[in-house]
file my_file.txt (compact mmCIF, C-alpha atoms)
# COMPACT_ATOMS: atom_id res chain seq x y z
CA MET A 1 21.84 -27.52 48.56
CA ARG A 2 18.63 -29.14 49.68
CA THR A 3 15.56 -28.06 51.58
CA ALA A 4 13.08 -30.34 53.35
CA VAL A 5 10.11 -29.36 55.47
CA THR A 6 10.27 -31.86 58.33
CA ALA A 7 7.39 -30.86 60.56
CA VAL A 8 4.42 -28.52 60.47
CA GLN A 9 2.12 -28.33 63.51
CA ASP A 10 -0.48 -25.58 63.59
CA SER A 11 1.56 -22.43 62.90
CA VAL A 12 4.98 -23.89 63.73
CA GLU A 13 7.26 -25.19 61.00
CA GLU A 14 10.73 -26.73 61.15
CA ARG A 15 12.95 -26.85 58.09
CA ASP A 16 16.03 -28.98 57.55
CA LEU A 17 18.48 -27.13 55.31
CA THR A 18 21.97 -27.70 53.97
CA PHE A 19 24.50 -24.96 53.35
CA GLU A 20 27.86 -25.74 51.74
CA GLY A 21 27.51 -29.37 52.80
CA PHE A 22 26.51 -28.71 56.43
CA ALA A 23 23.00 -29.61 57.60
CA TYR A 24 21.16 -27.27 59.95
CA THR A 25 17.61 -26.62 61.11
CA CYS A 26 15.43 -23.54 61.53
CA ARG A 27 12.14 -23.08 63.37
CA ILE A 28 9.45 -20.72 62.09
CA VAL A 29 6.44 -19.64 64.16
CA HIS A 30 4.10 -18.18 61.57
CA GLN A 31 1.86 -15.17 62.17
CA GLY A 32 -0.93 -14.76 59.63
CA ALA A 33 -1.66 -11.12 60.49
CA PRO A 34 1.73 -9.62 61.30
CA ARG A 35 2.21 -6.05 62.51
CA THR A 36 5.85 -5.95 61.48
CA ALA A 37 8.48 -7.86 59.51
CA PRO A 38 9.47 -11.38 60.63
CA LEU A 39 11.69 -11.36 63.71
CA LEU A 40 14.91 -13.37 63.40
CA LEU A 41 16.33 -14.26 66.83
CA LEU A 42 20.00 -15.27 66.95
CA GLY A 43 20.90 -16.38 70.46
CA GLY A 44 24.09 -17.12 72.33
CA SER A 45 26.36 -20.09 71.79
CA SER A 46 24.67 -22.11 74.55
CA GLN A 47 21.16 -21.40 73.20
CA ASN A 48 19.32 -23.27 70.48
CA ARG A 49 16.26 -22.78 68.31
CA TYR A 50 13.95 -23.65 71.22
CA SER A 51 15.50 -21.20 73.71
CA TRP A 52 13.06 -18.44 72.71
CA GLN A 53 9.83 -20.36 73.22
CA GLY A 54 9.32 -18.52 76.51
CA HIS A 55 9.23 -15.22 74.60
CA GLU A 56 6.65 -16.38 72.08
CA ARG A 57 3.63 -15.41 74.17
CA TRP A 58 4.61 -11.74 73.78
CA LEU A 59 6.32 -11.72 70.38
CA ALA A 60 4.45 -14.27 68.25
CA PRO A 61 1.18 -12.24 68.23
CA LEU A 62 3.09 -9.41 66.53
CA CYS A 63 4.98 -11.17 63.77
CA THR A 64 6.46 -14.38 62.42
CA MET A 65 9.38 -15.58 64.59
CA ILE A 66 12.42 -17.39 63.20
CA THR A 67 15.06 -19.19 65.25
CA VAL A 68 17.85 -21.42 63.99
CA ASP A 69 20.54 -23.91 64.95
CA LEU A 70 23.25 -22.74 62.58
CA PRO A 71 25.93 -25.22 61.47
CA GLY A 72 28.12 -25.99 64.46
CA TYR A 73 25.40 -25.30 67.05
CA GLY A 74 22.40 -27.01 68.62
CA SER A 75 21.36 -30.15 66.77
CA SER A 76 22.99 -29.13 63.49
CA ASP A 77 26.14 -30.57 61.95
CA PHE A 78 29.52 -30.06 63.59
CA LEU A 79 31.38 -27.14 61.98
CA PRO A 80 35.20 -27.05 62.10
CA ALA A 81 36.63 -23.87 63.58
CA HIS A 82 38.32 -22.79 60.36
CA TYR A 83 34.83 -21.83 59.17
CA GLY A 84 34.47 -18.32 60.56
CA ILE A 85 31.80 -15.70 61.18
CA ASP A 86 31.39 -14.85 57.49
CA PHE A 87 30.33 -18.44 56.83
CA LEU A 88 27.71 -18.32 59.59
CA ALA A 89 26.43 -14.94 58.37
CA ASP A 90 26.02 -16.32 54.86
CA ALA A 91 24.23 -19.37 56.30
CA VAL A 92 21.69 -16.97 57.83
CA GLN A 93 21.07 -15.41 54.43
CA HIS A 94 20.78 -18.88 52.89
CA MET A 95 18.10 -19.77 55.44
CA LEU A 96 16.08 -16.63 54.71
CA THR A 97 16.32 -17.20 50.97
CA GLU A 98 15.17 -20.80 51.30
CA ALA A 99 12.31 -19.74 53.59
CA GLY A 100 11.21 -17.00 51.18
CA VAL A 101 11.76 -14.21 53.72
CA PRO A 102 13.15 -11.10 52.00
CA GLU A 103 13.57 -8.88 55.06
CA VAL A 104 13.69 -9.30 58.85
CA ASN A 105 13.84 -7.45 62.10
CA LEU A 106 17.12 -8.78 63.46
CA PHE A 107 17.78 -9.60 67.11
CA GLY A 108 21.18 -10.86 68.23
CA GLY A 109 22.13 -11.71 71.80
CA CYS A 110 25.74 -12.33 72.91
CA PHE A 111 27.30 -14.55 70.20
CA GLY A 112 24.13 -14.03 68.17
CA GLU A 113 25.14 -10.37 67.88
CA VAL A 114 28.50 -11.39 66.42
CA VAL A 115 26.81 -13.40 63.67
CA GLY A 116 23.95 -10.92 63.33
CA LEU A 117 26.18 -7.91 62.82
CA ARG A 118 28.26 -9.70 60.19
CA PHE A 119 25.03 -10.80 58.50
CA ALA A 120 23.78 -7.20 58.46
CA GLN A 121 27.11 -6.00 57.06
CA ARG A 122 27.22 -8.63 54.31
CA HIS A 123 23.50 -8.67 53.48
CA PRO A 124 22.15 -5.20 54.39
CA GLU A 125 19.19 -5.54 52.02
CA SER A 126 17.76 -8.26 54.30
CA VAL A 127 17.62 -6.13 57.46
CA ARG A 128 14.82 -3.71 58.38
CA ARG A 129 15.67 -3.07 62.06
CA ILE A 130 18.42 -4.23 64.43
CA VAL A 131 18.28 -5.02 68.14
CA PHE A 132 21.37 -6.33 69.93
CA ALA A 133 21.71 -7.41 73.57
CA GLY A 134 24.71 -8.33 75.70
CA ALA A 135 26.91 -7.28 72.80
CA ALA A 136 30.46 -6.11 72.16
CA ILE A 137 32.85 -5.38 69.30
CA ARG A 138 35.80 -7.00 71.09
CA LEU A 139 36.21 -10.23 72.97
CA PRO A 140 36.07 -9.55 76.72
CA ASP A 141 39.38 -10.12 78.48
CA ILE A 142 37.73 -12.39 81.03
CA TYR A 143 36.52 -14.56 78.14
CA THR A 144 39.85 -14.86 76.34
CA ASP A 145 41.56 -15.54 79.67
CA ALA A 146 39.04 -18.27 80.48
CA VAL A 147 39.00 -20.05 77.09
CA PRO A 148 42.18 -22.15 77.58
CA ARG A 149 41.01 -23.33 81.00
CA LEU A 150 37.48 -24.07 79.79
CA SER A 151 38.66 -25.90 76.68
CA ASP A 152 41.13 -27.93 78.74
CA SER A 153 38.47 -28.91 81.28
CA LEU A 154 35.97 -29.85 78.58
CA GLY A 155 38.60 -31.77 76.63
CA ARG A 156 39.52 -33.79 79.74
CA GLY A 157 35.90 -34.49 80.55
CA ASP A 158 35.99 -32.43 83.75
CA ILE A 159 32.49 -31.13 83.15
CA GLU A 160 31.92 -29.92 86.72
CA ARG A 161 34.94 -27.64 86.64
CA ALA A 162 34.02 -26.33 83.20
CA ALA A 163 30.43 -25.70 84.29
CA ASP A 164 31.60 -23.75 87.34
CA GLY A 165 33.83 -21.62 85.12
CA LEU A 166 31.08 -20.96 82.59
CA VAL A 167 28.60 -19.94 85.27
CA ARG A 168 31.12 -17.50 86.76
CA LEU A 169 31.73 -16.12 83.28
CA PHE A 170 28.08 -15.45 82.45
CA MET A 171 26.71 -14.44 85.84
CA SER A 172 27.65 -11.26 87.70
CA ASN A 173 29.01 -11.32 91.21
CA PRO A 174 26.17 -10.89 93.74
CA GLU A 175 28.01 -7.82 95.09
CA ALA A 176 27.68 -6.03 91.73
CA GLY A 177 24.02 -5.20 92.34
CA ARG A 178 20.58 -6.76 92.65
CA VAL A 179 19.84 -9.08 89.72
CA ARG A 180 16.38 -10.59 89.21
CA ARG A 181 16.28 -14.39 89.57
CA HIS A 182 20.06 -14.50 90.05
CA ALA A 183 20.07 -17.69 92.14
CA ALA A 184 17.49 -19.44 89.94
CA VAL A 185 19.28 -18.60 86.69
CA THR A 186 22.61 -19.67 88.21
CA ARG A 187 21.14 -23.08 89.05
CA LEU A 188 19.59 -23.31 85.57
CA LEU A 189 22.93 -22.60 83.89
CA GLN A 190 24.78 -25.02 86.13
CA GLN A 191 22.35 -27.80 85.28
CA GLN A 192 22.46 -26.97 81.57
CA PHE A 193 26.25 -27.09 81.45
CA MET A 194 26.47 -30.23 83.58
CA THR A 195 24.13 -32.20 81.32
CA GLN A 196 25.85 -31.44 78.01
CA THR A 197 26.16 -34.36 75.62
CA PRO A 198 29.54 -35.31 74.09
CA ASP A 199 28.36 -33.70 70.83
CA GLU A 200 27.50 -30.45 72.63
CA ILE A 201 30.85 -30.44 74.40
CA ARG A 202 32.73 -30.97 71.15
CA LYS A 203 30.83 -28.09 69.55
CA ALA A 204 31.43 -25.86 72.58
CA VAL A 205 35.19 -26.39 72.37
CA GLU A 206 35.13 -25.67 68.63
CA HIS A 207 33.02 -22.56 69.21
CA ASN A 208 35.61 -21.12 71.60
CA THR A 209 38.36 -21.90 69.12
CA ARG A 210 36.35 -20.23 66.33
CA LEU A 211 35.84 -17.02 68.27
CA VAL A 212 39.43 -16.72 69.46
CA THR A 213 40.75 -17.54 65.98
CA HIS A 214 38.51 -15.29 63.91
CA GLY A 215 37.56 -12.58 66.39
CA CYS A 216 34.13 -11.04 66.71
CA TYR A 217 34.22 -7.81 64.72
CA GLU A 218 35.11 -6.42 61.30
CA PRO A 219 34.87 -2.64 60.69
CA LEU A 220 32.59 -2.99 57.66
CA PRO A 221 29.71 -0.64 56.77
CA VAL A 222 26.52 -1.19 58.77
CA PRO A 223 23.08 -0.59 57.21
CA HIS A 224 21.45 2.66 58.24
CA VAL A 225 18.31 1.20 59.81
CA PRO A 226 16.67 1.79 63.20
CA THR A 227 18.99 0.20 65.77
CA LEU A 228 18.82 -0.46 69.50
CA VAL A 229 21.58 -1.91 71.68
CA PHE A 230 20.81 -2.89 75.27
CA THR A 231 22.46 -4.85 78.04
CA GLY A 232 21.99 -5.64 81.70
CA GLU A 233 23.09 -2.82 83.95
CA TYR A 234 25.30 -5.27 85.88
CA ASP A 235 26.62 -7.23 82.91
CA THR A 236 30.24 -8.12 83.76
CA LEU A 237 30.93 -10.15 80.59
CA CYS A 238 29.87 -7.67 77.89
CA THR A 239 29.72 -4.54 80.02
CA PRO A 240 27.49 -1.53 79.34
CA GLN A 241 30.56 0.35 78.15
CA MET A 242 31.21 -2.39 75.57
CA GLY A 243 27.61 -2.04 74.45
CA ARG A 244 28.12 1.68 73.99
CA GLU A 245 31.26 1.02 71.95
CA LEU A 246 29.20 -1.17 69.62
CA ALA A 247 26.35 1.33 69.40
CA VAL A 248 28.76 4.10 68.36
CA THR A 249 29.72 2.07 65.26
CA MET A 250 26.08 1.78 64.14
CA PRO A 251 24.35 4.74 62.44
CA GLY A 252 21.83 6.42 64.72
CA ALA A 253 21.82 3.63 67.31
CA LEU A 254 20.09 3.97 70.66
CA PHE A 255 21.55 2.38 73.79
CA THR A 256 20.08 1.53 77.17
CA THR A 257 20.53 -0.82 80.10
CA VAL A 258 17.87 -3.00 81.67
CA ARG A 259 17.56 -2.67 85.42
CA GLU A 260 18.34 -5.51 87.83
CA THR A 261 19.92 -7.77 85.19
CA ASP A 262 23.35 -8.92 84.09
CA HIS A 263 24.51 -10.68 80.90
CA LEU A 264 21.48 -12.99 80.82
CA VAL A 265 19.03 -10.11 80.61
CA THR A 266 16.64 -11.96 78.28
CA VAL A 267 16.36 -14.81 80.80
CA GLU A 268 16.25 -12.81 84.02
CA ARG A 269 13.60 -10.38 82.75
CA ARG A 270 11.97 -12.32 79.95
CA GLU A 271 8.73 -10.36 79.70
CA GLU A 272 10.45 -6.99 79.88
CA SER A 273 13.10 -7.86 77.28
CA ALA A 274 10.36 -9.19 74.98
CA ASP A 275 8.42 -5.97 75.49
CA LEU A 276 11.49 -3.88 74.64
CA ILE A 277 12.14 -5.86 71.46
CA ALA A 278 8.47 -5.72 70.47
CA ARG A 279 8.20 -1.98 71.06
CA PHE A 280 11.25 -1.20 68.98
CA CYS A 281 10.22 -3.49 66.13
CA THR A 282 6.78 -1.87 65.93
CA ASP A 283 8.07 1.73 66.14
CA ARG A 284 6.69 2.37 69.61
CA PRO A 285 8.59 4.56 72.11
CA VAL A 286 11.28 2.93 74.25
CA ASP A 287 11.91 6.01 76.42
CA GLY A 288 10.74 6.13 80.02
CA LEU A 289 10.14 2.41 80.47
CA PRO A 290 10.11 1.45 84.17
CA TYR A 291 12.49 -1.47 83.64
CA CYS A 292 15.11 0.50 81.68
CA ASN A 293 17.60 3.19 82.54
CA VAL A 294 18.02 6.30 80.38
CA VAL A 295 17.94 5.74 76.60
CA GLU A 296 21.11 7.21 75.12
CA SER A 297 21.48 8.41 71.53
CA LEU A 298 24.99 7.57 70.34
call {"tool": "encode", "arguments": {"input": "my_file.txt", "output": "structure tokens"}}
result
Amino acid sequence: MRTAVTAVQDSVEERDLTFEGFAYTCRIVHQGAPRTAPLLLLGGSSQNRYSWQGHERWLAPLCTMITVDLPGYGSSDFLPAHYGIDFLADAVQHMLTEAGVPEVNLFGGCFGEVVGLRFAQRHPESVRRIVFAGAAIRLPDIYTDAVPRLSDSLGRGDIERAADGLVRLFMSNPEAGRVRRHAAVTRLLQQQFMTQTPDEIRKAVEHNTRLVTHGCYEPLPVPHVPTLVFTGEYDTLCTPQMGRELAVTMPGALFTTVRETDHLVTVERREESADLIARFCTDRPVDGLPYCNVVESL
């Protein structure tokens, strides 16, 4: 296994790493006077290590931020689907070991929660706090129903049809309730999916195969650390009830929903989601926030 520091600009560092023969890259935004442990952000399957730059203005003043393109995602090496969630969780631990980070505040959104939870289960000593968003302990039926159609469209090069299906999957119906920036985020997603490179498409197909093959949850012990699960109040992919089901499996977890958002809560209300993460990771109250519904103790 090798480690190479490829770029350091001001307080931002990128590291090229190799785990079990697969190259991948992490991004570290250093904070010299942190108020809490480094924050590891694991995003969804369509996000990469740069997807959280918009949150840096609120989070980077508090602590070091770490994002990563794990093997099989972003610009990292292609990862065959027979490598499952355990492999990705161990790659996260490998990254932290190589970076000299003994403990993190863990955030996982959507697929990032799947990897993050397995990482916390397999490496509990590395986790100080947990925050999950848009999360579930079972694959949503609308996802498993859509996977064959999406994979077929992507495999045939029918990107427009696949993009339409993906947007419908991630975004709530307008009739569900008022969602901030719904039209703008819909256009953003459509453009993102339409401009995928052949490498990104190949990885997307393999990602769907990986999830359907290996599933998203194992009933293993979860570290007893402060935990918050939140989702958009109109999330139709990983519904609030699915979020509650996850929170119940985690010792002492709190659960809430963010108002006027759906599955893409961290995009639709970027400042508010960053504030919620920051508050929880610095032991500040999360009750009574104007952008959240009631905080439930599950």
call {"tool": "atom_distance", "arguments": {"input": "my_file.txt", "atom1": "atom CA of Thr67 of chain A", "atom2": "atom CA of His30 of chain A"}}
result
11.6 Å
call {"tool": "residues_around", "arguments": {"input": "my_file.txt", "residues": "segment 215-230 of chain A", "least_positions_apart": "4", "cutoff": "6 Å", "atoms": "all atoms listed in the file", "output": "JSON list (two decimals) with C-alpha atoms, keeping the file's coordinate frame"}}
result
[["chain", "number", "residue", "atom", "x", "y", "z"],
["A", 114, "VAL", "CA", 28.50, -11.39, 66.42],
["A", 121, "GLN", "CA", 27.11, -6.00, 57.06],
["A", 124, "PRO", "CA", 22.15, -5.20, 54.39],
["A", 129, "ARG", "CA", 15.67, -3.07, 62.06],
["A", 130, "ILE", "CA", 18.42, -4.23, 64.43],
["A", 131, "VAL", "CA", 18.28, -5.02, 68.14],
["A", 132, "PHE", "CA", 21.37, -6.33, 69.93],
["A", 133, "ALA", "CA", 21.71, -7.41, 73.57],
["A", 137, "ILE", "CA", 32.85, -5.38, 69.30],
["A", 211, "LEU", "CA", 35.84, -17.02, 68.27],
["A", 251, "PRO", "CA", 24.35, 4.74, 62.44],
["A", 253, "ALA", "CA", 21.82, 3.63, 67.31],
["A", 254, "LEU", "CA", 20.09, 3.97, 70.66],
["A", 255, "PHE", "CA", 21.55, 2.38, 73.79],
["A", 256, "THR", "CA", 20.08, 1.53, 77.17],
["A", 257, "THR", "CA", 20.53, -0.82, 80.10]]
call {"tool": "residues_around", "arguments": {"input": "my_file.txt", "residues": "Ser11 of chain A", "least_positions_apart": "4", "cutoff": "9 Å", "atoms": "only C-alpha atoms", "output": "number ranges by chain"}}
result
A: 28-32
call {"tool": "residues_near_point", "arguments": {"input": "my_file.txt", "point": "(27.1, -14.6, 65.6)", "cutoff": "10 Å", "atoms": "all atoms listed in the file", "output": "PDB file with C-alpha atoms, in the frame of the given file"}}
result
ATOM      1  CA  LEU A  42      20.000 -15.270  66.950  1.00  0.00           C
ATOM      2  CA  GLY A  43      20.900 -16.380  70.460  1.00  0.00           C
ATOM      3  CA  GLY A  44      24.090 -17.120  72.330  1.00  0.00           C
ATOM      4  CA  SER A  45      26.360 -20.090  71.790  1.00  0.00           C
ATOM      5  CA  LEU A  70      23.250 -22.740  62.580  1.00  0.00           C
ATOM      6  CA  GLY A  84      34.470 -18.320  60.560  1.00  0.00           C
ATOM      7  CA  ILE A  85      31.800 -15.700  61.180  1.00  0.00           C
ATOM      8  CA  ASP A  86      31.390 -14.850  57.490  1.00  0.00           C
ATOM      9  CA  LEU A  88      27.710 -18.320  59.590  1.00  0.00           C
ATOM     10  CA  ALA A  89      26.430 -14.940  58.370  1.00  0.00           C
ATOM     11  CA  VAL A  92      21.690 -16.970  57.830  1.00  0.00           C
ATOM     12  CA  GLY A 108      21.180 -10.860  68.230  1.00  0.00           C
ATOM     13  CA  GLY A 109      22.130 -11.710  71.800  1.00  0.00           C
ATOM     14  CA  CYS A 110      25.740 -12.330  72.910  1.00  0.00           C
ATOM     15  CA  PHE A 111      27.300 -14.550  70.200  1.00  0.00           C
ATOM     16  CA  GLY A 112      24.130 -14.030  68.170  1.00  0.00           C
ATOM     17  CA  GLU A 113      25.140 -10.370  67.880  1.00  0.00           C
ATOM     18  CA  VAL A 114      28.500 -11.390  66.420  1.00  0.00           C
ATOM     19  CA  VAL A 115      26.810 -13.400  63.670  1.00  0.00           C
ATOM     20  CA  GLY A 116      23.950 -10.920  63.330  1.00  0.00           C
ATOM     21  CA  LEU A 117      26.180  -7.910  62.820  1.00  0.00           C
ATOM     22  CA  ARG A 118      28.260  -9.700  60.190  1.00  0.00           C
ATOM     23  CA  PHE A 119      25.030 -10.800  58.500  1.00  0.00           C
ATOM     24  CA  LEU A 211      35.840 -17.020  68.270  1.00  0.00           C
ATOM     25  CA  CYS A 216      34.130 -11.040  66.710  1.00  0.00           C
ATOM     26  CA  TYR A 217      34.220  -7.810  64.720  1.00  0.00           C
TER      27      TYR A 217
END
call {"tool": "residues_near_point", "arguments": {"input": "my_file.txt", "point": "(15.0, -18.2, 65.9)", "cutoff": "9 Å", "atoms": "all atoms listed in the file", "output": "VMD selection string"}}
result
chain A and resid 26 to 29 39 to 43 48 to 52 65 to 69
call {"tool": "residues_around", "arguments": {"input": "my_file.txt", "residues": "Glu233 of chain A", "least_positions_apart": "5", "cutoff": "12 Å", "atoms": "only C-alpha atoms", "output": "list of chain:residue names"}}
result
A:Ala133, A:Gly134, A:Ser172, A:Ala176, A:Gly177, A:Arg178, A:Val179, A:Arg180, A:Cys238, A:Thr239, A:Pro240, A:Gln241, A:Met242, A:Gly243, A:Phe255, A:Thr256, A:Thr257, A:Val258, A:Arg259, A:Glu260, A:Thr261, A:Asp262, A:His263, A:Leu264, A:Val265, A:Tyr291, A:Cys292, A:Asn293, A:Val294
call {"tool": "write_last_selection", "arguments": {"input": "my_file.txt", "atoms": "C-alpha atoms", "output": "PDB file, keeping the file's coordinate frame"}}
result
ATOM      1  CA  ALA A 133      21.710  -7.410  73.570  1.00  0.00           C
ATOM      2  CA  GLY A 134      24.710  -8.330  75.700  1.00  0.00           C
ATOM      3  CA  SER A 172      27.650 -11.260  87.700  1.00  0.00           C
ATOM      4  CA  ALA A 176      27.680  -6.030  91.730  1.00  0.00           C
ATOM      5  CA  GLY A 177      24.020  -5.200  92.340  1.00  0.00           C
ATOM      6  CA  ARG A 178      20.580  -6.760  92.650  1.00  0.00           C
ATOM      7  CA  VAL A 179      19.840  -9.080  89.720  1.00  0.00           C
ATOM      8  CA  ARG A 180      16.380 -10.590  89.210  1.00  0.00           C
ATOM      9  CA  CYS A 238      29.870  -7.670  77.890  1.00  0.00           C
ATOM     10  CA  THR A 239      29.720  -4.540  80.020  1.00  0.00           C
ATOM     11  CA  PRO A 240      27.490  -1.530  79.340  1.00  0.00           C
ATOM     12  CA  GLN A 241      30.560   0.350  78.150  1.00  0.00           C
ATOM     13  CA  MET A 242      31.210  -2.390  75.570  1.00  0.00           C
ATOM     14  CA  GLY A 243      27.610  -2.040  74.450  1.00  0.00           C
ATOM     15  CA  PHE A 255      21.550   2.380  73.790  1.00  0.00           C
ATOM     16  CA  THR A 256      20.080   1.530  77.170  1.00  0.00           C
ATOM     17  CA  THR A 257      20.530  -0.820  80.100  1.00  0.00           C
ATOM     18  CA  VAL A 258      17.870  -3.000  81.670  1.00  0.00           C
ATOM     19  CA  ARG A 259      17.560  -2.670  85.420  1.00  0.00           C
ATOM     20  CA  GLU A 260      18.340  -5.510  87.830  1.00  0.00           C
ATOM     21  CA  THR A 261      19.920  -7.770  85.190  1.00  0.00           C
ATOM     22  CA  ASP A 262      23.350  -8.920  84.090  1.00  0.00           C
ATOM     23  CA  HIS A 263      24.510 -10.680  80.900  1.00  0.00           C
ATOM     24  CA  LEU A 264      21.480 -12.990  80.820  1.00  0.00           C
ATOM     25  CA  VAL A 265      19.030 -10.110  80.610  1.00  0.00           C
ATOM     26  CA  TYR A 291      12.490  -1.470  83.640  1.00  0.00           C
ATOM     27  CA  CYS A 292      15.110   0.500  81.680  1.00  0.00           C
ATOM     28  CA  ASN A 293      17.600   3.190  82.540  1.00  0.00           C
ATOM     29  CA  VAL A 294      18.020   6.300  80.380  1.00  0.00           C
TER      30      VAL A 294
END
call {"tool": "closest_residue", "arguments": {"input": "my_file.txt", "among": "A:Ala120, A:Leu59, A:Val212, A:Met194", "to": "Ala274 of chain A", "atoms": "all atoms listed in the file"}}
result
A:Leu59
call {"tool": "atom_distance", "arguments": {"input": "my_file.txt", "atom1": "atom CA of Glu200 of chain A", "atom2": "atom CA of Thr186 of chain A"}}
result
19.6 Å
call {"tool": "residues_around", "arguments": {"input": "my_file.txt", "residues": "segment 93-103 of chain A", "least_positions_apart": "6", "cutoff": "7 Å", "atoms": "only C-alpha atoms", "output": "ChimeraX atom specification"}}
result
/A:37,126-128
call {"tool": "closest_residue", "arguments": {"input": "my_file.txt", "among": "A:Phe22, A:Phe280, A:Tyr234, A:Phe193", "to": "Phe87 of chain A", "atoms": "only C-alpha atoms"}}
result
A:Phe22
